[in-house]
Each structure stands twice: as C-alpha cells, then as structure tokens.
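S.K.: Provided below: model-v2.pdb, containing PDB, C-alpha atoms and all ligand atoms.
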```pdb
MODEL        1
ATOM      1  CA  MET A   1      26.657   7.605  10.002  1.00  0.00           C
ATOM      2  CA  SER A   2      27.593  10.539  12.235  1.00  0.00           C
ATOM      3  CA  PHE A   3      24.756  12.560  10.672  1.00  0.00           C
ATOM      4  CA  TYR A   4      22.282   9.777  11.490  1.00  0.00           C
ATOM      5  CA  LYS A   5      23.624   9.523  15.031  1.00  0.00           C
ATOM      6  CA  HIS A   6      22.958  13.183  15.508  1.00  0.00           C
ATOM      7  CA  MET A   7      19.488  13.011  14.017  1.00  0.00           C
ATOM      8  CA  TYR A   8      18.054   9.699  15.223  1.00  0.00           C
ATOM      9  CA  SER A   9      17.337   8.164  18.608  1.00  0.00           C
ATOM     10  CA  PRO A  10      19.345   5.077  19.637  1.00  0.00           C
ATOM     11  CA  LYS A  11      16.164   2.970  19.413  1.00  0.00           C
ATOM     12  CA  LEU A  12      15.545   4.094  15.843  1.00  0.00           C
ATOM     13  CA  LEU A  13      19.117   3.329  14.833  1.00  0.00           C
ATOM     14  CA  GLU A  14      18.893  -0.082  16.443  1.00  0.00           C
ATOM     15  CA  LEU A  15      15.696  -0.945  14.528  1.00  0.00           C
ATOM     16  CA  PHE A  16      17.136   0.409  11.306  1.00  0.00           C
ATOM     17  CA  ARG A  17      20.113  -1.931  11.701  1.00  0.00           C
ATOM     18  CA  ASN A  18      18.076  -4.894  12.979  1.00  0.00           C
ATOM     19  CA  PRO A  19      14.472  -4.438  11.903  1.00  0.00           C
ATOM     20  CA  LYS A  20      11.861  -6.885  13.201  1.00  0.00           C
ATOM     21  CA  ASN A  21       9.269  -8.667  11.063  1.00  0.00           C
ATOM     22  CA  VAL A  22      10.961  -7.972   7.749  1.00  0.00           C
ATOM     23  CA  GLY A  23      10.009 -10.236   4.866  1.00  0.00           C
ATOM     24  CA  GLU A  24       7.014 -11.673   3.081  1.00  0.00           C
ATOM     25  CA  ILE A  25       4.161 -13.948   4.160  1.00  0.00           C
ATOM     26  CA  PRO A  26       3.533 -16.154   1.108  1.00  0.00           C
ATOM     27  CA  ASP A  27      -0.004 -17.153   2.193  1.00  0.00           C
ATOM     28  CA  ALA A  28      -0.935 -13.741   3.602  1.00  0.00           C
ATOM     29  CA  ASP A  29      -4.638 -12.954   4.003  1.00  0.00           C
ATOM     30  CA  VAL A  30      -3.900  -9.460   2.856  1.00  0.00           C
ATOM     31  CA  LYS A  31      -1.028  -7.722   1.126  1.00  0.00           C
ATOM     32  CA  VAL A  32      -0.877  -4.058   0.314  1.00  0.00           C
ATOM     33  CA  THR A  33       1.724  -1.660  -1.028  1.00  0.00           C
ATOM     34  CA  GLU A  34       1.370   1.906   0.118  1.00  0.00           C
ATOM     35  CA  GLY A  35       3.269   4.975  -1.023  1.00  0.00           C
ATOM     36  CA  SER A  36       4.047   8.231   0.695  1.00  0.00           C
ATOM     37  CA  LEU A  37       2.796  11.312  -1.108  1.00  0.00           C
ATOM     38  CA  ALA A  38       5.413  13.297   0.820  1.00  0.00           C
ATOM     39  CA  CYS A  39       8.491  11.493  -0.505  1.00  0.00           C
ATOM     40  CA  GLY A  40       7.415   8.784  -2.965  1.00  0.00           C
ATOM     41  CA  ASP A  41       8.809   5.912  -0.877  1.00  0.00           C
ATOM     42  CA  MET A  42       6.844   2.687  -0.490  1.00  0.00           C
ATOM     43  CA  ILE A  43       6.171  -0.122   1.950  1.00  0.00           C
ATOM     44  CA  THR A  44       4.470  -3.475   1.472  1.00  0.00           C
ATOM     45  CA  ILE A  45       2.554  -4.989   4.392  1.00  0.00           C
ATOM     46  CA  PHE A  46       1.575  -8.658   4.687  1.00  0.00           C
ATOM     47  CA  MET A  47      -0.845  -9.881   7.370  1.00  0.00           C
ATOM     48  CA  LYS A  48      -2.313 -13.170   8.579  1.00  0.00           C
ATOM     49  CA  ILE A  49      -5.563 -12.569  10.411  1.00  0.00           C
ATOM     50  CA  ASP A  50      -7.569 -14.987  12.506  1.00  0.00           C
ATOM     51  CA  GLU A  51     -10.977 -15.013  10.869  1.00  0.00           C
ATOM     52  CA  LYS A  52     -12.914 -15.610  14.083  1.00  0.00           C
ATOM     53  CA  THR A  53     -11.139 -13.370  16.568  1.00  0.00           C
ATOM     54  CA  ARG A  54      -9.932 -10.875  13.926  1.00  0.00           C
ATOM     55  CA  ARG A  55      -6.556 -10.799  15.578  1.00  0.00           C
ATOM     56  CA  ILE A  56      -3.390 -10.071  13.634  1.00  0.00           C
ATOM     57  CA  GLU A  57      -1.588 -13.393  13.944  1.00  0.00           C
ATOM     58  CA  ASP A  58       1.382 -12.355  11.879  1.00  0.00           C
ATOM     59  CA  ILE A  59       2.579  -9.225  10.134  1.00  0.00           C
ATOM     60  CA  LYS A  60       5.650  -8.639   7.991  1.00  0.00           C
ATOM     61  CA  PHE A  61       6.843  -5.832   5.806  1.00  0.00           C
ATOM     62  CA  LEU A  62       9.162  -4.792   3.025  1.00  0.00           C
ATOM     63  CA  SER A  63      10.338  -1.201   2.942  1.00  0.00           C
ATOM     64  CA  TYR A  64      11.524   0.794  -0.030  1.00  0.00           C
ATOM     65  CA  GLY A  65      11.983   3.819   2.187  1.00  0.00           C
ATOM     66  CA  CYS A  66      14.506   5.547   4.385  1.00  0.00           C
ATOM     67  CA  ALA A  67      16.049   4.521   7.724  1.00  0.00           C
ATOM     68  CA  ALA A  68      13.211   6.188   9.636  1.00  0.00           C
ATOM     69  CA  ASN A  69      10.654   4.332   7.579  1.00  0.00           C
ATOM     70  CA  ILE A  70      12.292   0.981   8.233  1.00  0.00           C
ATOM     71  CA  ALA A  71      12.403   1.700  11.965  1.00  0.00           C
ATOM     72  CA  THR A  72       8.856   3.102  12.223  1.00  0.00           C
ATOM     73  CA  THR A  73       7.349   0.254  10.206  1.00  0.00           C
ATOM     74  CA  SER A  74       9.309  -2.278  12.217  1.00  0.00           C
ATOM     75  CA  ILE A  75       8.048  -0.920  15.530  1.00  0.00           C
ATOM     76  CA  MET A  76       4.515  -0.573  14.159  1.00  0.00           C
ATOM     77  CA  THR A  77       4.480  -4.302  13.306  1.00  0.00           C
ATOM     78  CA  GLU A  78       5.631  -5.137  16.821  1.00  0.00           C
ATOM     79  CA  MET A  79       2.931  -2.923  18.316  1.00  0.00           C
ATOM     80  CA  VAL A  80       0.028  -4.473  16.384  1.00  0.00           C
ATOM     81  CA  LYS A  81       1.047  -8.135  16.278  1.00  0.00           C
ATOM     82  CA  GLY A  82      -1.473 -10.064  18.383  1.00  0.00           C
ATOM     83  CA  LYS A  83      -3.920  -7.148  18.474  1.00  0.00           C
ATOM     84  CA  THR A  84      -7.427  -7.194  17.035  1.00  0.00           C
ATOM     85  CA  LEU A  85      -8.086  -5.152  13.921  1.00  0.00           C
ATOM     86  CA  GLU A  86     -10.114  -2.685  15.983  1.00  0.00           C
ATOM     87  CA  GLU A  87      -7.214  -2.216  18.401  1.00  0.00           C
ATOM     88  CA  ALA A  88      -4.729  -1.865  15.554  1.00  0.00           C
ATOM     89  CA  LYS A  89      -6.870   0.822  13.902  1.00  0.00           C
ATOM     90  CA  ARG A  90      -6.403   3.025  16.954  1.00  0.00           C
ATOM     91  CA  LEU A  91      -2.616   3.136  16.620  1.00  0.00           C
ATOM     92  CA  THR A  92      -1.435   6.532  15.353  1.00  0.00           C
ATOM     93  CA  PHE A  93       1.790   7.778  13.834  1.00  0.00           C
ATOM     94  CA  LYS A  94       2.382   9.715  17.050  1.00  0.00           C
ATOM     95  CA  ASP A  95       2.280   6.453  19.056  1.00  0.00           C
ATOM     96  CA  VAL A  96       4.844   5.017  16.655  1.00  0.00           C
ATOM     97  CA  ALA A  97       7.106   8.088  16.896  1.00  0.00           C
ATOM     98  CA  GLU A  98       6.857   8.079  20.699  1.00  0.00           C
ATOM     99  CA  ALA A  99       7.747   4.399  20.870  1.00  0.00           C
ATOM    100  CA  LEU A 100      10.991   5.199  19.077  1.00  0.00           C
ATOM    101  CA  GLY A 101      11.939   7.791  21.665  1.00  0.00           C
ATOM    102  CA  GLU A 102      11.784  10.633  19.220  1.00  0.00           C
ATOM    103  CA  LEU A 103      11.543  11.289  15.533  1.00  0.00           C
ATOM    104  CA  PRO A 104      12.804  14.464  13.824  1.00  0.00           C
ATOM    105  CA  PRO A 105       9.876  16.550  12.500  1.00  0.00           C
ATOM    106  CA  VAL A 106      11.172  16.227   8.912  1.00  0.00           C
ATOM    107  CA  LYS A 107      10.876  12.455   9.291  1.00  0.00           C
ATOM    108  CA  MET A 108       7.361  12.396  10.750  1.00  0.00           C
ATOM    109  CA  HIS A 109       5.882  11.454   7.354  1.00  0.00           C
ATOM    110  CA  CYS A 110       7.866   8.184   7.509  1.00  0.00           C
ATOM    111  CA  ALA A 111       5.815   7.207  10.582  1.00  0.00           C
ATOM    112  CA  VAL A 112       2.690   8.373   8.737  1.00  0.00           C
ATOM    113  CA  LEU A 113       3.554   5.981   5.894  1.00  0.00           C
ATOM    114  CA  SER A 114       3.807   3.061   8.315  1.00  0.00           C
ATOM    115  CA  ILE A 115       0.330   3.833   9.688  1.00  0.00           C
ATOM    116  CA  ASP A 116      -1.129   4.456   6.222  1.00  0.00           C
ATOM    117  CA  GLY A 117       0.142   1.023   5.183  1.00  0.00           C
ATOM    118  CA  LEU A 118      -1.370  -0.618   8.246  1.00  0.00           C
ATOM    119  CA  ARG A 119      -4.759   1.064   7.816  1.00  0.00           C
ATOM    120  CA  SER A 120      -4.821   0.380   4.119  1.00  0.00           C
ATOM    121  CA  ALA A 121      -4.142  -3.329   4.743  1.00  0.00           C
ATOM    122  CA  ILE A 122      -6.895  -3.513   7.373  1.00  0.00           C
ATOM    123  CA  ARG A 123      -9.398  -1.732   5.159  1.00  0.00           C
ATOM    124  CA  LYS A 124      -8.543  -4.000   2.232  1.00  0.00           C
ATOM    125  CA  TYR A 125      -9.064  -7.098   4.379  1.00  0.00           C
ATOM    126  CA  GLU A 126     -12.376  -5.805   5.717  1.00  0.00           C
ATOM    127  CA  GLU A 127     -13.649  -4.815   2.289  1.00  0.00           C
ATOM    128  CA  GLU A 128     -12.688  -8.110   0.685  1.00  0.00           C
ATOM    129  CA  ARG A 129     -14.368 -10.082   3.460  1.00  0.00           C
ATOM    130  CA  GLY A 130     -17.509  -7.930   3.327  1.00  0.00           C
ATOM    131  CA  LEU A 131     -16.937  -6.706   6.909  1.00  0.00           C
ATOM    132  CA  ILE A 132     -17.347  -3.087   5.878  1.00  0.00           C
ATOM    133  CA  GLU A 133     -19.296  -1.559   3.067  1.00  0.00           C
ATOM    134  CA  VAL A 134     -17.422  -0.841  -0.131  1.00  0.00           C
ATOM    135  CA  PRO A 135     -18.359   2.479  -1.793  1.00  0.00           C
ATOM    136  CA  GLU A 136     -20.337   2.332  -5.019  1.00  0.00           C
ATOM    137  CA  LEU A 137     -18.253   1.070  -7.903  1.00  0.00           C
ATOM    138  CA  ASP A 138     -17.880   3.932 -10.326  1.00  0.00           C
ATOM    139  CA  GLU A 139     -15.103   5.764 -12.117  1.00  0.00           C
ATOM    140  CA  SER A 140     -14.283   8.075  -9.229  1.00  0.00           C
ATOM    141  CA  PHE A 141     -14.058   5.164  -6.789  1.00  0.00           C
ATOM    142  CA  VAL A 142     -11.628   3.322  -9.086  1.00  0.00           C
ATOM    143  CA  ARG A 143      -9.649   6.522  -9.599  1.00  0.00           C
ATOM    144  CA  SER A 144      -9.375   7.045  -5.837  1.00  0.00           C
ATOM    145  CA  ARG A 145      -7.980   3.512  -5.435  1.00  0.00           C
ATOM    146  CA  LEU A 146      -5.497   3.994  -8.263  1.00  0.00           C
ATOM    147  CA  ARG A 147      -4.293   7.169  -6.575  1.00  0.00           C
ATOM    148  CA  ARG A 148      -2.821   4.935  -3.879  1.00  0.00           C
ATOM    149  CA  ILE A 149      -0.456   3.279  -6.362  1.00  0.00           C
ATOM    150  CA  MET A 150       2.909   4.922  -6.869  1.00  0.00           C
ATOM    151  CA  ASN A 151       4.551   5.470 -10.209  1.00  0.00           C
ATOM    152  CA  PRO A 152       8.056   4.249  -9.287  1.00  0.00           C
ATOM    153  CA  LYS A 153       9.631   6.504 -11.904  1.00  0.00           C
ATOM    154  CA  ALA A 154       8.098   9.681 -10.575  1.00  0.00           C
ATOM    155  CA  GLY A 155       7.600   9.044  -6.842  1.00  0.00           C
ATOM    156  CA  ARG A 156       3.966  10.130  -7.181  1.00  0.00           C
ATOM    157  CA  ASP A 157       0.779   8.234  -7.873  1.00  0.00           C
ATOM    158  CA  ILE A 158      -0.124   6.767 -11.259  1.00  0.00           C
ATOM    159  CA  VAL A 159      -3.169   9.022 -11.705  1.00  0.00           C
ATOM    160  CA  SER A 160      -1.479  12.376 -11.182  1.00  0.00           C
ATOM    161  CA  THR A 161       1.531  11.349 -13.277  1.00  0.00           C
ATOM    162  CA  GLY A 162      -0.637  10.484 -16.294  1.00  0.00           C
ATOM    163  CA  ILE A 163      -0.123   6.718 -16.331  1.00  0.00           C
ATOM    164  CA  VAL A 164      -3.875   6.150 -16.084  1.00  0.00           C
ATOM    165  CA  GLU A 165      -5.252   7.170 -19.449  1.00  0.00           C
ATOM    166  CA  SER A 166      -8.883   6.205 -18.932  1.00  0.00           C
ATOM    167  CA  ILE A 167     -11.216   4.270 -16.655  1.00  0.00           C
ATOM    168  CA  ARG A 168     -14.529   2.715 -17.603  1.00  0.00           C
ATOM    169  CA  VAL A 169     -16.878   0.993 -15.238  1.00  0.00           C
ATOM    170  CA  ASP A 170     -19.856  -0.960 -16.405  1.00  0.00           C
ATOM    171  CA  ASN A 171     -21.891  -3.299 -14.283  1.00  0.00           C
ATOM    172  CA  GLY A 172     -19.016  -4.511 -12.103  1.00  0.00           C
ATOM    173  CA  LYS A 173     -16.564  -4.657 -15.000  1.00  0.00           C
ATOM    174  CA  VAL A 174     -13.628  -2.283 -14.780  1.00  0.00           C
ATOM    175  CA  GLU A 175     -11.562  -1.419 -17.815  1.00  0.00           C
ATOM    176  CA  ILE A 176      -8.433   0.641 -17.311  1.00  0.00           C
ATOM    177  CA  THR A 177      -6.175   1.929 -20.059  1.00  0.00           C
ATOM    178  CA  LEU A 178      -2.613   2.703 -19.096  1.00  0.00           C
ATOM    179  CA  ASN A 179      -0.276   5.080 -20.793  1.00  0.00           C
ATOM    180  CA  LEU A 180       2.566   2.559 -20.893  1.00  0.00           C
ATOM    181  CA  SER A 181       4.384   0.714 -23.616  1.00  0.00           C
ATOM    182  CA  GLU A 182       4.465  -3.066 -23.782  1.00  0.00           C
ATOM    183  CA  ASP A 183       8.149  -3.099 -22.834  1.00  0.00           C
ATOM    184  CA  ASP A 184       7.952  -0.589 -19.992  1.00  0.00           C
ATOM    185  CA  GLU A 185      10.073  -1.867 -17.101  1.00  0.00           C
ATOM    186  CA  PHE A 186       7.258  -1.252 -14.578  1.00  0.00           C
ATOM    187  CA  LYS A 187       4.342  -2.534 -16.662  1.00  0.00           C
ATOM    188  CA  ASP A 188       4.062  -5.922 -14.931  1.00  0.00           C
ATOM    189  CA  TYR A 189       4.510  -4.400 -11.488  1.00  0.00           C
ATOM    190  CA  LEU A 190       1.809  -1.782 -12.068  1.00  0.00           C
ATOM    191  CA  GLU A 191      -0.643  -4.266 -13.588  1.00  0.00           C
ATOM    192  CA  GLU A 192      -0.124  -6.528 -10.607  1.00  0.00           C
ATOM    193  CA  GLU A 193      -0.669  -3.646  -8.187  1.00  0.00           C
ATOM    194  CA  ILE A 194      -3.913  -2.660  -9.909  1.00  0.00           C
ATOM    195  CA  HIS A 195      -5.235  -6.225  -9.800  1.00  0.00           C
ATOM    196  CA  GLU A 196      -4.116  -6.487  -6.194  1.00  0.00           C
ATOM    197  CA  ARG A 197      -6.131  -3.355  -5.318  1.00  0.00           C
ATOM    198  CA  LEU A 198      -9.323  -4.161  -7.183  1.00  0.00           C
ATOM    199  CA  ASP A 199      -9.796  -7.854  -8.037  1.00  0.00           C
ATOM    200  CA  ARG A 200     -11.076  -9.133  -4.725  1.00  0.00           C
ATOM    201  CA  LEU A 201     -13.487  -6.317  -3.913  1.00  0.00           C
ATOM    202  CA  PRO A 202     -16.963  -7.819  -3.643  1.00  0.00           C
ATOM    203  CA  ASN A 203     -18.510  -5.425  -6.171  1.00  0.00           C
ATOM    204  CA  VAL A 204     -15.838  -5.995  -8.829  1.00  0.00           C
ATOM    205  CA  LYS A 205     -16.569  -8.756 -11.337  1.00  0.00           C
ATOM    206  CA  GLU A 206     -13.693  -8.248 -13.729  1.00  0.00           C
ATOM    207  CA  VAL A 207     -10.677  -6.012 -14.156  1.00  0.00           C
ATOM    208  CA  LYS A 208      -9.252  -5.563 -17.623  1.00  0.00           C
ATOM    209  CA  ILE A 209      -6.097  -3.566 -18.248  1.00  0.00           C
ATOM    210  CA  ASN A 210      -5.210  -2.231 -21.682  1.00  0.00           C
ATOM    211  CA  LEU A 211      -2.181  -0.329 -22.845  1.00  0.00           C
ATOM    212  CA  VAL A 212      -2.650   2.806 -24.931  1.00  0.00           C
ATOM    213  CA  GLU A 213      -0.282   1.371 -27.543  1.00  0.00           C
ATOM    214  CA  SER A 214      -2.245  -1.815 -28.079  1.00  0.00           C
ATOM    215  CA  VAL A 215      -5.583   0.012 -27.979  1.00  0.00           C
ATOM    216  CA  LYS A 216      -4.368   2.256 -30.809  1.00  0.00           C
ATOM    217  CA  LYS A 217      -3.011  -0.726 -32.721  1.00  0.00           C
ATOM    218  CA  ASP A 218      -6.468  -2.308 -32.603  1.00  0.00           C
ATOM    219  CA  GLY A 219      -7.865   0.799 -34.247  1.00  0.00           C
ATOM    220  CA  TYR A 220      -9.433   2.388 -31.198  1.00  0.00           C
ATOM    221  CA  ASP A 221      -8.064   5.639 -29.790  1.00  0.00           C
ATOM    222  CA  PRO A 222      -9.659   6.547 -26.436  1.00  0.00           C
TER     223      PRO A 222
HETATM  224 FE1  LIG B   1      10.412   8.531   2.506  1.00  0.00          FE
HETATM  225 FE2  LIG B   1      11.271   8.349   4.963  1.00  0.00          FE
HETATM  226  S1  LIG B   1      11.855   9.828   3.494  1.00  0.00           S
HETATM  227  S2  LIG B   1       9.785   7.140   3.990  1.00  0.00           S
ENDMDL
END
```
Mind turning the file's structure into structure tokens?
Ligand code: FES
M.R.:
Amino acid sequence: MSFYKHMYSPKLLELFRNPKNVGEIPDADVKVTEGSLACGDMITIFMKIDEKTRRIEDIKFLSYGCAANIATTSIMTEMVKGKTLEEAKRLTFKDVAEALGELPPVKMHCAVLSIDGLRSAIRKYEEERGLIEVPELDESFVRSRLRRIMNPKAGRDIVSTGIVESIRVDNGKVEITLNLSEDDEFKDYLEEEIHERLDRLPNVKEVKINLVESVKKDGYDP
C-alpha cells in the first residue's frame, strides 16, 4: 500500500476503497462492456435513462481493472448521474483525472477507459432507440463492433486475436463464426457479448453465431 500512497491522490485512494455506484442495474436501459486496448482491463456500465428528458437517472458499474480504473469510473458515474446524454458526452478523461486531484501519466488510460465505457453506452442507447443513424450494416461495420469486445485470455480484442474466424452479412442477417471450441471457458461470455452488441441495432434482423468446430463437423469449412 505504501507504493499506492506514493503514486495516488488521497481522493483516488478513498474511491478505490469505497467506490460509489458499484453494482448492476437488472432492468438497465443499456449495458455495455468496454475494454482498454492499452492494458486489456474491462468495465461494464449499466444506465437507466429517462426517455423523455434523456437524463441519466441511474448509472452503475463493474470494474475488472486496476485501482485507478475503479476510482476513475466511480467518479465518472458521480459526475454524469442526473445529467442529460448531451451533457454527459462532453465529459472528458481529463475532467475525470482533474476531479481526482491528480492521476499519474501511466494511469491516464484508466480514465480513458471510464470515458470510453460511458460514450459507448450512450452511443448504444442512441443507436438502439433510433436517435442517431447507425452506419450501413456490412462486414466492416460488424468487424468494427467486434473489435470492442475483449478476448479475456489475451487482453486484446477478439478480432485481432483470431477468435473471429469469419463474418457474413446478408440482408440484415449476421452470421459470425468463432474460432472457439464448444467447451471453451469463455464461449458463453463471448456469445453473450456479441449478442449484446448487435441484437438490438435497428438494422440487424438476426445474429447467428457458429463455432468453427461445429461448422467443420457439419461438413462445411469456411
Ligand atoms: Fe488497466 Fe488501469 S491498468 S484499467
């Protein structure tokens, strides 16, 4: 702990020990898990949003990151709770770092992750509700969304680590083949994440996920 004391502000240490707004919102209007490309850590953000005023009524988070990530995400949730989505979009990682007193430069990406999670959750909500235009549904769009999902084994996204074997898009139907075995410990988690990212987009009619193993078993090798 002496190392942390030297490195972190008292406010950060306090929020690390007693973070605010930790937990899940079972009936959340939006839930998103975001990973940091810098370190591979993840956060999940849950939000309840008033449909008329577009205010963030409630926000909670789970962190699979470091002390700085817990503290930055905690303070981020406090800063946006009660704000409109437009106001929340203007919050930057620098605002978050400043609110903590200070953040060591090597830990700045932890604040970036908290803001990435917030913005990703807002964008997801707006896309699903048709409040902003969703880009054309094609292979590169799907690939870009899958790049936001972390491969927990590698600490990098599932596209660059070869988990995504192929993507086909046809008339609103998305078919993704994953390079995973049936008994892979993260199979269910990753399938859930993919559905979570794509299912409710207005231009997506169906999302089907295959595993390379079962595709081969059926006599088709992509
Ligand atoms: Fe990964 Fe802080 S080192 S979130």
S.K.: CA of Met79 in chain A and CA of Asp41 in chain A are how many Å apart?
M.R.: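 Here the two named atoms are 21.9 Å from each other.
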S.K.: Sorted by chain and rising residue number, which residues of chain A lie within 9 Å of ligand LIG 1 (chain B), and what are their closest atom pairs and distances in Å to one decimal, counting all atoms listed in the file, as JSON lines?
M.R.:
```
{"residue": "A:Gly35", "atom": "CA", "partner": "B:LIG1", "partner_atom": "S2", "distance": 8.5}
{"residue": "A:Ser36", "atom": "CA", "partner": "B:LIG1", "partner_atom": "FE1", "distance": 6.6}
{"residue": "A:Leu37", "atom": "CA", "partner": "B:LIG1", "partner_atom": "FE1", "distance": 8.9}
{"residue": "A:Ala38", "atom": "CA", "partner": "B:LIG1", "partner_atom": "FE1", "distance": 7.1}
{"residue": "A:Cys39", "atom": "CA", "partner": "B:LIG1", "partner_atom": "FE1", "distance": 4.6}
{"residue": "A:Gly40", "atom": "CA", "partner": "B:LIG1", "partner_atom": "FE1", "distance": 6.2}
{"residue": "A:Asp41", "atom": "CA", "partner": "B:LIG1", "partner_atom": "FE1", "distance": 4.6}
{"residue": "A:Met42", "atom": "CA", "partner": "B:LIG1", "partner_atom": "S2", "distance": 7.0}
{"residue": "A:Ile43", "atom": "CA", "partner": "B:LIG1", "partner_atom": "S2", "distance": 8.4}
{"residue": "A:Ser63", "atom": "CA", "partner": "B:LIG1", "partner_atom": "S2", "distance": 8.4}
{"residue": "A:Tyr64", "atom": "CA", "partner": "B:LIG1", "partner_atom": "S2", "distance": 7.7}
{"residue": "A:Gly65", "atom": "CA", "partner": "B:LIG1", "partner_atom": "S2", "distance": 4.4}
{"residue": "A:Cys66", "atom": "CA", "partner": "B:LIG1", "partner_atom": "FE2", "distance": 4.3}
{"residue": "A:Ala67", "atom": "CA", "partner": "B:LIG1", "partner_atom": "FE2", "distance": 6.7}
{"residue": "A:Ala68", "atom": "CA", "partner": "B:LIG1", "partner_atom": "FE2", "distance": 5.5}
{"residue": "A:Asn69", "atom": "CA", "partner": "B:LIG1", "partner_atom": "S2", "distance": 4.6}
{"residue": "A:Ile70", "atom": "CA", "partner": "B:LIG1", "partner_atom": "S2", "distance": 7.9}
{"residue": "A:Val106", "atom": "CA", "partner": "B:LIG1", "partner_atom": "S1", "distance": 8.4}
{"residue": "A:Lys107", "atom": "CA", "partner": "B:LIG1", "partner_atom": "FE2", "distance": 6.0}
{"residue": "A:Met108", "atom": "CA", "partner": "B:LIG1", "partner_atom": "FE2", "distance": 8.1}
{"residue": "A:His109", "atom": "CA", "partner": "B:LIG1", "partner_atom": "FE2", "distance": 6.7}
{"residue": "A:Cys110", "atom": "CA", "partner": "B:LIG1", "partner_atom": "S2", "distance": 4.1}
{"residue": "A:Ala111", "atom": "CA", "partner": "B:LIG1", "partner_atom": "S2", "distance": 7.7}
{"residue": "A:Val112", "atom": "CA", "partner": "B:LIG1", "partner_atom": "S2", "distance": 8.6}
{"residue": "A:Leu113", "atom": "CA", "partner": "B:LIG1", "partner_atom": "S2", "distance": 6.6}
{"residue": "A:Ser114", "atom": "CA", "partner": "B:LIG1", "partner_atom": "S2", "distance": 8.4}
```
S.K.: Pick from A:Asp170, A:Asp116, A:Glu102, A:Glu196: nearest to Lys11 in chain A, with all atoms listed in the file counted?
M.R.: A:Glu102
S.K.: Compile the contact shell of Glu57 in chain A as a ChimeraX atom specification: residues with an atom at most 8 Å away, counting all atoms listed in the file, same-chain residues fewer than 4 positions apart removed.
M.R.: /A:47-50,81-82
S.K.: Would you pick out the contacts of Lys205 in chain A at 9 Å or less, using all atoms listed in the file, so that residues sharing its chain but fewer than 2 positions from it are not included, and give the list as a PyMOL selection string?
M.R.: chain A and resi 171-174+199-203+207
S.K.: Could you check how far CA of Thr77 in chain A sits from CA of Ile59 in chain A, in Å to one decimal?
M.R.: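 These two atoms are separated by 6.2 Å.
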S.K.: Please compute the CA of Leu15 in chain A-CA of Thr72 in chain A distance, one decimal, in Å.
M.R.: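 So the two atoms, CA of Leu15 in chain A and CA of Thr72 in chain A, lie 8.3 Å apart.
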S.K.: Using all atoms listed in the file, find the one residue out of A:Thr44, A:Thr53, A:Ser74, A:Thr177 that sits nearest to Ser120 in chain A.
M.R.: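 Smallest distance to Ser120 in chain A is found for A:Thr44.
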S.K.: Using all atoms listed in the file, which of the listed residues (A:Ile45, A:Leu103, A:Gly117, A:Glu175) sits closest to Met7 in chain A?
M.R.: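 Using all atoms listed in the file, Met7 in chain A sits closest to A:Leu103.
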S.K.: Hey, what's within 9 Å of range 158-167 of chain A if we count all atoms listed in the file and toss same-chain stuff fewer than 4 positions away? As a compact mmCIF listing (two decimals) with C-alpha atoms, keeping the file's coordinate frame, please?
M.R.:
```
# COMPACT_ATOMS: atom_id res chain seq x y z
CA GLU A 139 -15.10 5.76 -12.12
CA SER A 140 -14.28 8.07 -9.23
CA VAL A 142 -11.63 3.32 -9.09
CA ARG A 143 -9.65 6.52 -9.60
CA SER A 144 -9.38 7.04 -5.84
CA LEU A 146 -5.50 3.99 -8.26
CA ARG A 147 -4.29 7.17 -6.58
CA ARG A 148 -2.82 4.93 -3.88
CA ILE A 149 -0.46 3.28 -6.36
CA MET A 150 2.91 4.92 -6.87
CA ASN A 151 4.55 5.47 -10.21
CA PRO A 152 8.06 4.25 -9.29
CA ALA A 154 8.10 9.68 -10.58
CA VAL A 174 -13.63 -2.28 -14.78
CA GLU A 175 -11.56 -1.42 -17.82
CA ILE A 176 -8.43 0.64 -17.31
CA THR A 177 -6.18 1.93 -20.06
CA LEU A 178 -2.61 2.70 -19.10
CA ASN A 179 -0.28 5.08 -20.79
CA LEU A 180 2.57 2.56 -20.89
CA LEU A 190 1.81 -1.78 -12.07
CA LEU A 211 -2.18 -0.33 -22.84
CA VAL A 212 -2.65 2.81 -24.93
CA PRO A 222 -9.66 6.55 -26.44
```
S.K.: Looking at A:Val134, A:Lys89, A:Asp188, A:Arg156, which one is nearest to Val204 in chain A, with distances taken over all atoms listed in the file?
M.R.: A:Val134
S.K.: Could you list, as a PyMOL selection string, every residue within 12 Å of Glu86 in chain A, counting all atoms listed in the file and ignoring same-chain residues fewer than 3 positions away?
M.R.: chain A and resi 53-56+80+82-83+89-91+118-119+122-123+126
S.K.: Using the file's own x, y and z axes, what box holds all listed atoms of range 46-57 of chain A with 8 Å on each side, keeping edges along x, y and z, and what are its centre and edge lengths in Å to one decimal, as AutoDock Vina command-line options?
M.R.:
```
--center_x -5.7 --center_y -12.1 --center_z 10.6 --size_x 30.5 --size_y 23.0 --size_z 27.9
```
S.K.: Using all atoms listed in the file, pick whichever of A:Asp29, A:Val169, A:Tyr8, A:Asp183 has the shortest atom-to-atom distance to Leu137 in chain A.
M.R.: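 Checking each candidate against Leu137 in chain A, we get A:Val169 as the closest.
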S.K.: Considering only C-alpha atoms, can you say which of A:Glu127, A:Glu14, A:Glu51, A:Glu98 comes closest to Leu198 in chain A?
M.R.: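 For Leu198 in chain A, the nearest of the candidates is A:Glu127.
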